[in-house]
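For reference, structure.tsv (TSV, C-alpha atoms and all ligand atoms):
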chain	number	residue	atom	x	y	z
A	283	MET	CA	-178.60	-7.51	-102.44
A	284	LEU	CA	-180.48	-5.59	-99.71
A	285	ARG	CA	-180.21	-7.40	-96.37
A	286	VAL	CA	-183.65	-7.23	-94.74
A	287	GLY	CA	-184.71	-8.11	-91.18
A	288	VAL	CA	-188.42	-8.47	-90.44
A	289	LEU	CA	-189.81	-7.86	-86.94
A	290	VAL	CA	-193.16	-9.46	-86.11
A	291	SER	CA	-195.50	-10.14	-83.19
A	292	GLY	CA	-198.36	-12.21	-84.59
A	293	GLY	CA	-199.73	-14.10	-87.54
A	294	GLY	CA	-197.24	-12.80	-90.06
A	295	THR	CA	-199.43	-12.38	-93.13
A	296	ASN	CA	-197.41	-9.30	-94.08
A	297	LEU	CA	-194.23	-11.32	-93.65
A	298	GLN	CA	-195.75	-13.96	-95.93
A	299	ALA	CA	-196.55	-11.30	-98.54
A	300	ILE	CA	-192.90	-10.20	-98.46
A	301	LEU	CA	-191.58	-13.76	-98.81
A	302	ASP	CA	-194.00	-14.51	-101.68
A	303	ALA	CA	-193.07	-11.27	-103.45
A	304	ILE	CA	-189.37	-12.14	-103.23
A	305	ASP	CA	-190.06	-15.66	-104.56
A	306	CYS	CA	-192.03	-14.42	-107.56
A	307	GLY	CA	-189.67	-11.55	-108.39
A	308	LYS	CA	-191.96	-8.69	-107.36
A	309	ILE	CA	-189.30	-7.67	-104.85
A	310	ARG	CA	-185.96	-7.52	-106.65
A	311	ASN	CA	-182.50	-7.46	-105.05
A	312	ALA	CA	-183.56	-8.13	-101.46
A	313	ARG	CA	-183.18	-11.06	-99.09
A	314	VAL	CA	-184.75	-11.68	-95.68
A	315	GLU	CA	-181.84	-12.57	-93.38
A	316	VAL	CA	-183.79	-12.97	-90.15
A	317	VAL	CA	-187.26	-12.78	-88.66
A	318	ILE	CA	-187.44	-11.63	-85.03
A	319	SER	CA	-190.52	-11.86	-82.81
A	320	ASN	CA	-191.12	-10.59	-79.28
A	321	ASN	CA	-193.62	-13.39	-78.87
A	322	ALA	CA	-192.54	-17.05	-78.91
A	323	GLY	CA	-195.99	-18.20	-80.04
A	324	ALA	CA	-196.13	-15.97	-83.11
A	325	PHE	CA	-197.13	-17.98	-86.19
A	326	ALA	CA	-194.87	-15.63	-88.16
A	327	LEU	CA	-191.90	-17.56	-86.74
A	328	GLU	CA	-193.27	-20.78	-88.30
A	329	ARG	CA	-193.68	-19.01	-91.64
A	330	ALA	CA	-190.00	-17.97	-91.49
A	331	LYS	CA	-188.81	-21.47	-90.58
A	332	ASN	CA	-190.94	-23.02	-93.35
A	333	HIS	CA	-189.11	-20.71	-95.71
A	334	GLY	CA	-185.66	-21.68	-94.40
A	335	ILE	CA	-185.16	-18.27	-92.81
A	336	GLU	CA	-183.62	-17.82	-89.38
A	337	ALA	CA	-186.37	-17.20	-86.82
A	338	LYS	CA	-185.54	-15.70	-83.42
A	339	CYS	CA	-187.64	-14.85	-80.37
A	340	ILE	CA	-186.45	-11.97	-78.21
A	341	SER	CA	-189.08	-11.46	-75.53
A	342	PRO	CA	-189.21	-8.72	-72.88
A	343	LYS	CA	-190.35	-11.50	-70.51
A	344	ASP	CA	-186.86	-13.00	-70.62
A	345	TYR	CA	-185.15	-9.81	-69.41
A	346	GLU	CA	-185.09	-8.16	-66.01
A	347	ASN	CA	-186.05	-4.77	-67.39
A	348	ARG	CA	-186.86	-2.91	-70.59
A	349	ALA	CA	-183.36	-1.48	-70.97
A	350	LEU	CA	-181.84	-4.98	-71.04
A	351	PHE	CA	-184.45	-6.17	-73.57
A	352	ASN	CA	-183.76	-3.11	-75.75
A	353	GLU	CA	-180.02	-3.84	-75.62
A	354	ALA	CA	-180.55	-7.49	-76.60
A	355	LEU	CA	-182.84	-6.53	-79.50
A	356	LEU	CA	-180.35	-4.00	-80.88
A	357	GLU	CA	-177.45	-6.42	-80.43
A	358	ALA	CA	-179.30	-9.14	-82.34
A	359	ILE	CA	-180.21	-6.75	-85.15
A	360	ASP	CA	-176.66	-5.41	-85.41
A	361	SER	CA	-175.31	-8.96	-85.71
A	362	TYR	CA	-177.12	-9.45	-89.06
A	363	HIS	CA	-175.65	-6.30	-90.67
A	364	LEU	CA	-179.05	-5.31	-92.03
A	365	ASP	CA	-179.69	-2.60	-94.61
A	366	LEU	CA	-183.42	-2.43	-93.86
A	367	ILE	CA	-185.60	-3.35	-90.90
A	368	VAL	CA	-189.29	-3.98	-91.64
A	369	LEU	CA	-191.86	-3.78	-88.84
A	370	ALA	CA	-194.57	-6.13	-90.09
A	371	GLY	CA	-197.09	-6.10	-87.25
A	372	PHE	CA	-194.38	-5.60	-84.58
A	373	LEU	CA	-196.25	-4.29	-81.56
A	374	VAL	CA	-193.28	-3.27	-79.42
A	375	THR	CA	-191.93	0.27	-79.01
A	376	ILE	CA	-188.68	0.56	-80.93
A	377	PRO	CA	-185.80	1.61	-78.65
A	378	ALA	CA	-184.57	5.18	-79.24
A	379	ALA	CA	-181.00	3.94	-79.73
A	380	MET	CA	-182.18	1.70	-82.59
A	381	ILE	CA	-184.10	4.53	-84.27
A	382	GLN	CA	-181.02	6.74	-84.11
A	383	LYS	CA	-178.69	4.08	-85.44
A	384	TYR	CA	-181.01	2.98	-88.26
A	385	ARG	CA	-182.60	6.32	-89.17
A	386	ASN	CA	-184.57	6.02	-92.43
A	387	ARG	CA	-183.72	2.31	-92.50
A	388	ILE	CA	-186.73	1.14	-90.45
A	389	ILE	CA	-190.15	1.01	-92.11
A	390	ASN	CA	-193.54	0.17	-90.62
A	391	ILE	CA	-196.88	-0.88	-92.11
A	392	HIS	CA	-199.90	0.73	-90.44
A	393	PRO	CA	-203.48	-0.31	-91.30
A	394	SER	CA	-204.98	3.16	-91.92
A	395	LEU	CA	-204.38	6.24	-94.01
A	396	ILE	CA	-202.09	8.18	-91.65
A	397	PRO	CA	-202.77	10.70	-90.06
A	398	SER	CA	-206.17	9.10	-89.42
A	399	PHE	CA	-206.51	6.35	-86.81
A	400	CYS	CA	-202.86	6.22	-85.82
A	401	GLY	CA	-200.70	7.01	-82.80
A	402	VAL	CA	-200.90	5.69	-79.25
A	403	GLY	CA	-203.55	2.99	-78.81
A	404	TYR	CA	-204.22	2.46	-82.53
A	405	TYR	CA	-202.91	-0.95	-83.53
A	406	GLY	CA	-204.35	-4.10	-85.07
A	407	LEU	CA	-208.12	-4.41	-84.88
A	408	LYS	CA	-208.45	-1.18	-82.83
A	409	VAL	CA	-207.59	0.83	-85.94
A	410	HIS	CA	-210.53	-0.65	-87.85
A	411	GLU	CA	-212.86	-0.30	-84.84
A	412	GLY	CA	-211.97	3.40	-84.81
A	413	ALA	CA	-212.55	3.81	-88.54
A	414	LEU	CA	-215.98	2.14	-88.36
A	415	ALA	CA	-216.99	4.10	-85.23
A	416	ARG	CA	-216.16	7.37	-87.03
A	417	GLY	CA	-218.09	6.24	-90.08
A	418	VAL	CA	-215.38	6.88	-92.69
A	419	LYS	CA	-216.16	5.62	-96.19
A	420	VAL	CA	-212.53	5.18	-97.21
A	421	THR	CA	-209.63	3.81	-95.18
A	422	GLY	CA	-206.42	2.08	-96.25
A	423	ALA	CA	-202.82	1.44	-95.24
A	424	THR	CA	-199.56	3.36	-94.98
A	425	VAL	CA	-195.89	2.45	-95.16
A	426	HIS	CA	-193.70	4.97	-93.36
A	427	PHE	CA	-190.22	5.40	-91.98
A	428	VAL	CA	-190.04	5.03	-88.21
A	429	ASP	CA	-188.98	8.02	-86.14
A	430	GLU	CA	-189.17	8.79	-82.42
A	431	GLY	CA	-192.94	9.35	-82.46
A	432	VAL	CA	-195.79	6.85	-82.85
A	433	ASP	CA	-196.68	6.46	-86.55
A	434	SER	CA	-195.21	9.93	-87.17
A	435	GLY	CA	-192.30	9.28	-89.55
A	436	PRO	CA	-192.12	10.25	-93.24
A	437	ILE	CA	-194.72	8.50	-95.41
A	438	LEU	CA	-193.45	6.32	-98.28
A	439	LEU	CA	-196.60	4.75	-99.76
A	440	GLN	CA	-200.35	4.74	-99.09
A	441	LYS	CA	-203.27	2.90	-100.65
A	442	ALA	CA	-206.97	3.58	-100.13
A	443	VAL	CA	-209.60	0.89	-99.50
A	444	GLU	CA	-213.39	1.37	-99.52
A	445	VAL	CA	-215.43	0.71	-96.39
A	446	GLU	CA	-218.55	-1.27	-97.31
A	447	PRO	CA	-222.00	-1.34	-95.66
A	448	GLY	CA	-222.17	-3.99	-92.96
A	449	ASP	CA	-218.38	-4.17	-92.43
A	450	THR	CA	-217.23	-5.50	-89.08
A	451	PRO	CA	-213.74	-4.63	-87.81
A	452	LYS	CA	-212.52	-8.11	-88.83
A	453	VAL	CA	-214.02	-7.95	-92.31
A	454	LEU	CA	-212.55	-4.49	-92.85
A	455	GLN	CA	-209.17	-5.59	-91.48
A	456	GLN	CA	-209.03	-8.45	-93.96
A	457	ARG	CA	-209.95	-6.19	-96.91
A	458	VAL	CA	-207.31	-3.61	-95.91
A	459	MET	CA	-204.70	-6.37	-95.70
A	460	GLU	CA	-205.60	-7.93	-99.05
A	461	GLN	CA	-206.08	-4.73	-101.03
A	462	ALA	CA	-203.50	-2.47	-99.41
A	463	GLU	CA	-201.01	-3.89	-96.88
A	464	TRP	CA	-199.89	-6.95	-98.87
A	465	VAL	CA	-199.49	-4.71	-101.91
A	466	ILE	CA	-197.69	-1.61	-100.61
A	467	LEU	CA	-195.34	-3.24	-98.10
A	468	PRO	CA	-193.64	-5.47	-100.71
A	469	LYS	CA	-193.72	-2.55	-103.16
A	470	ALA	CA	-191.94	-0.23	-100.71
A	471	ILE	CA	-189.23	-2.85	-100.07
A	472	ASP	CA	-188.73	-3.30	-103.82
A	473	MET	CA	-188.47	0.46	-104.32
A	474	LEU	CA	-185.97	0.81	-101.46
A	475	ALA	CA	-183.92	-2.15	-102.73
A	476	ASN	CA	-183.73	-0.67	-106.19
A	477	GLY	CA	-183.01	2.97	-105.44
A	478	GLU	CA	-186.51	4.23	-106.25
A	479	ILE	CA	-186.83	5.49	-102.67
A	480	ALA	CA	-183.67	6.62	-100.88
A	481	LEU	CA	-182.57	4.76	-97.76
A	482	GLY	CA	-181.10	6.79	-94.91
B	1	LIG	C1	-201.30	-5.71	-89.69
B	1	LIG	O1	-202.62	-5.35	-90.01
B	1	LIG	C2	-200.45	-4.47	-89.47
B	1	LIG	O2	-200.79	-3.42	-90.34
B	1	LIG	C3	-200.79	-4.14	-88.06
B	1	LIG	O3	-200.79	-5.39	-87.39
B	1	LIG	C4	-201.24	-6.39	-88.32
B	1	LIG	C5	-200.26	-7.56	-88.30
B	1	LIG	O4	-200.76	-8.63	-89.08
B	1	LIG	N1	-199.83	-3.24	-87.48
B	1	LIG	C6	-200.18	-2.25	-86.66
B	1	LIG	O5	-201.30	-2.07	-86.27
B	1	LIG	C7	-199.01	-1.35	-86.23
B	1	LIG	N2	-199.47	-0.16	-85.59
B	1	LIG	P1	-199.80	-9.78	-89.62
B	1	LIG	O6	-199.01	-10.32	-88.42
B	1	LIG	O7	-200.74	-10.81	-90.17
B	1	LIG	O8	-198.90	-9.18	-90.67

Write the structure described by the file as structure tokens, please.
Amino acid sequence: MLRVGVLVSGGGTNLQAILDAIDCGKIRNARVEVVISNNAGAFALERAKNHGIEAKCISPKDYENRALFNEALLEAIDSYHLDLIVLAGFLVTIPAAMIQKYRNRIINIHPSLIPSFCGVGYYGLKVHEGALARGVKVTGATVHFVDEGVDSGPILLQKAVEVEPGDTPKVLQQRVMEQAEWVILPKAIDMLANGEIALG
């Protein structure tokens, strides 16, 4: 059984997609051991608790400096002996020590077809604002391993989504979630849990 930790910052719809996929057997041989948020108010924490999963807040606000926060985050993650860490809308820079220790064991979902609309400054709604401003007709989502760069690690899965006339960033965001993110993130976890993609 793959021991999975999910890191979140907000609403947690991707977390919900993972939990639902485990419940209905779309993700085989994986269990979410813990959900960690940097933000105490994240609804994702409620979703975890409602599912009987341990929910933890580790906030930079509770530490004197970034180094101490980074240490606490890594210590908490280590304590769950995780095989896979999933960044599901986690909007905090992952400490270098964690990337080194869990190389090719941390995956991230990004709401565009990397290498478009990714990197510094592209997160959440800003990604869809960028796509609409550029006038692309197709966008999508990407699951990738996390390395030292921003959205630069090896790509595992991508799925394309059409942009439609009259889309607003919010409308497009919702379509990308429904048609791509909630599909390929659970799929990547299932593939990793069942040896169809190699873990580091
Ligand atoms: C998702 O759209 C995810 O792709 C994005 O944040 C949202 C979180 O939503 N992540 C990034 O932009 C990372 N660069 P959720 O909390 O409802 O899953």

* Structure fact -> Expressed in Å, the length from atom O8 of ligand LIG 1 (chain B) to atom CA of A:Phe427 is 17.0 Å

Do a neighbour search on A:Gly482 at 7 Å with all atoms listed in the file, toss out local chain neighbours closer than 2 positions, and write the hits as a PDB file with C-alpha atoms, in the coordinates of the input.
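around_6.pdb, written as the output of this step:
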ATOM      1  CA  ARG A 385    -182.600   6.320 -89.170  1.00  0.00           C
ATOM      2  CA  ASN A 386    -184.570   6.020 -92.430  1.00  0.00           C
ATOM      3  CA  ARG A 387    -183.720   2.310 -92.500  1.00  0.00           C
ATOM      4  CA  ALA A 480    -183.670   6.620-100.880  1.00  0.00           C
TER       5      ALA A 480
END

* To do: Could you tell me which of A:Ala475, A:Ile300, A:Ala322, A:Ile309 comes closest to ligand LIG 1 (chain B) if we count only C-alpha atoms and all ligand atoms?
  => A:Ile300

* Asked: Counting all atoms listed in the file, what is within 12 Å of stretch 402-407 of chain A, bar same-chain residues fewer than 2 positions away, as number ranges by chain?
  -> A: 291-293, 370-375, 390-394, 396-400, 409-414, 423, 431-434, 450-456, 458-459

* Could you please determine the separation between atom CA of A:Ile479 and atom CA of A:Leu439 in Å, to one decimal place? =>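 Going from atom CA of A:Ile479 over to atom CA of A:Leu439, I get 10.2 Å.
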
* Asked: Which residue out of A:Glu353, A:Asp472, A:Glu478, A:Glu460 has the minimum interatomic distance to ligand LIG 1 (chain B) when all atoms listed in the file are used?
  -> A:Glu460

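Atom CA of A:Arg310 lies 23.3 Å from atom C5 of ligand LIG 1 (chain B).
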
Where is the centre and how long are the edges: axis-aligned box on stretch 406-418 of chain A, 4 Å on each side, Å to one decimal, as JSON:
{"center_x": -211.2, "center_y": 1.5, "center_z": -87.8, "size_x": 21.7, "size_y": 19.8, "size_z": 17.9}

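With all atoms listed in the file as the atoms that count, the residue of A:Leu356, A:Leu297, A:Val420, A:Val425 with the shortest distance to A:Val314 is A:Leu297.
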
* Nearest to ligand LIG 1 (chain B) by atom-to-atom distance, counting all atoms listed in the file, from A:His363, A:Arg329, A:Lys338, A:Lys308 ->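 Smallest distance to ligand LIG 1 (chain B) is found for A:Arg329.
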
* To do: Would you please work out which residue, of A:Gly334, A:Pro447, A:Gly477, A:Gly287, is nearest to A:Ile388 when using all atoms listed in the file?
  =>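 Nearest to A:Ile388: A:Gly287.
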
At a cut-off of 12 Å, using all atoms listed in the file, what residues contact A:Ala349? Leave out same-chain residues fewer than 4 positions from it and give the result as a compact mmCIF listing (two decimals) with C-alpha atoms, in the frame of the given file.
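So result-v8.txt came out as:
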# COMPACT_ATOMS: atom_id res chain seq x y z
CA PRO A 342 -189.21 -8.72 -72.88
CA TYR A 345 -185.15 -9.81 -69.41
CA GLU A 353 -180.02 -3.84 -75.62
CA ALA A 354 -180.55 -7.49 -76.60
CA LEU A 355 -182.84 -6.53 -79.50
CA LEU A 356 -180.35 -4.00 -80.88
CA THR A 375 -191.93 0.27 -79.01
CA ILE A 376 -188.68 0.56 -80.93
CA PRO A 377 -185.80 1.61 -78.65
CA ALA A 378 -184.57 5.18 -79.24
CA ALA A 379 -181.00 3.94 -79.73

* Minimum-distance residue to A:Lys383, chosen among A:Ile367, A:Leu395, A:Ile304, A:Ala324 (using all atoms listed in the file) ->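 For A:Lys383, the nearest of the candidates is A:Ile367.
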
* Asked: Can you list, as a PyMOL selection string, every protein, DNA or RNA residue that comes within 12 Å of A:Gln298 when you count only C-alpha atoms, leaving out same-chain residues fewer than 2 positions away?
  -> chain A and resi 288+290+292-296+300-305+314+317+325-333+335+370-371+459-460+463-465+467-468

With N, CA and C atoms as the target, complete stretch 397-409 of chain A and hand it back as an mmCIF file, in the coordinates of the input.
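rebuild-v4.cif written:
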data_model
loop_
_atom_site.group_PDB
_atom_site.id
_atom_site.type_symbol
_atom_site.label_atom_id
_atom_site.label_comp_id
_atom_site.auth_asym_id
_atom_site.auth_seq_id
_atom_site.Cartn_x
_atom_site.Cartn_y
_atom_site.Cartn_z
ATOM 1 N N PRO A 397 -202.726 10.608 -91.526
ATOM 2 C CA PRO A 397 -202.770 10.700 -90.060
ATOM 3 C C PRO A 397 -204.090 10.285 -89.405
ATOM 4 N N SER A 398 -204.967 9.570 -90.099
ATOM 5 C CA SER A 398 -206.170 9.100 -89.420
ATOM 6 C C SER A 398 -205.883 7.794 -88.674
ATOM 7 N N PHE A 399 -206.520 7.622 -87.546
ATOM 8 C CA PHE A 399 -206.510 6.350 -86.810
ATOM 9 C C PHE A 399 -205.094 5.800 -86.616
ATOM 10 N N CYS A 400 -204.226 6.646 -86.099
ATOM 11 C CA CYS A 400 -202.860 6.220 -85.820
ATOM 12 C C CYS A 400 -202.412 6.834 -84.503
ATOM 13 N N GLY A 401 -201.233 6.489 -84.064
ATOM 14 C CA GLY A 401 -200.700 7.010 -82.800
ATOM 15 C C GLY A 401 -200.999 6.056 -81.657
ATOM 16 N N VAL A 402 -200.789 6.545 -80.432
ATOM 17 C CA VAL A 402 -200.900 5.690 -79.250
ATOM 18 C C VAL A 402 -202.273 5.021 -79.195
ATOM 19 N N GLY A 403 -202.294 3.730 -78.984
ATOM 20 C CA GLY A 403 -203.550 2.990 -78.810
ATOM 21 C C GLY A 403 -204.151 2.464 -80.103
ATOM 22 N N TYR A 404 -203.681 2.946 -81.248
ATOM 23 C CA TYR A 404 -204.220 2.460 -82.530
ATOM 24 C C TYR A 404 -203.286 1.402 -83.114
ATOM 25 N N TYR A 405 -203.660 0.148 -82.929
ATOM 26 C CA TYR A 405 -202.910 -0.950 -83.530
ATOM 27 C C TYR A 405 -203.876 -2.091 -83.784
ATOM 28 N N GLY A 406 -203.540 -2.921 -84.768
ATOM 29 C CA GLY A 406 -204.350 -4.100 -85.070
ATOM 30 C C GLY A 406 -205.806 -3.759 -85.299
ATOM 31 N N LEU A 407 -206.682 -4.545 -84.679
ATOM 32 C CA LEU A 407 -208.120 -4.410 -84.880
ATOM 33 C C LEU A 407 -208.659 -3.049 -84.394
ATOM 34 N N LYS A 408 -207.983 -2.460 -83.406
ATOM 35 C CA LYS A 408 -208.450 -1.180 -82.830
ATOM 36 C C LYS A 408 -208.502 -0.082 -83.886
ATOM 37 N N VAL A 409 -207.617 -0.171 -84.868
ATOM 38 C CA VAL A 409 -207.590 0.830 -85.940
ATOM 39 C C VAL A 409 -208.904 0.750 -86.739
#
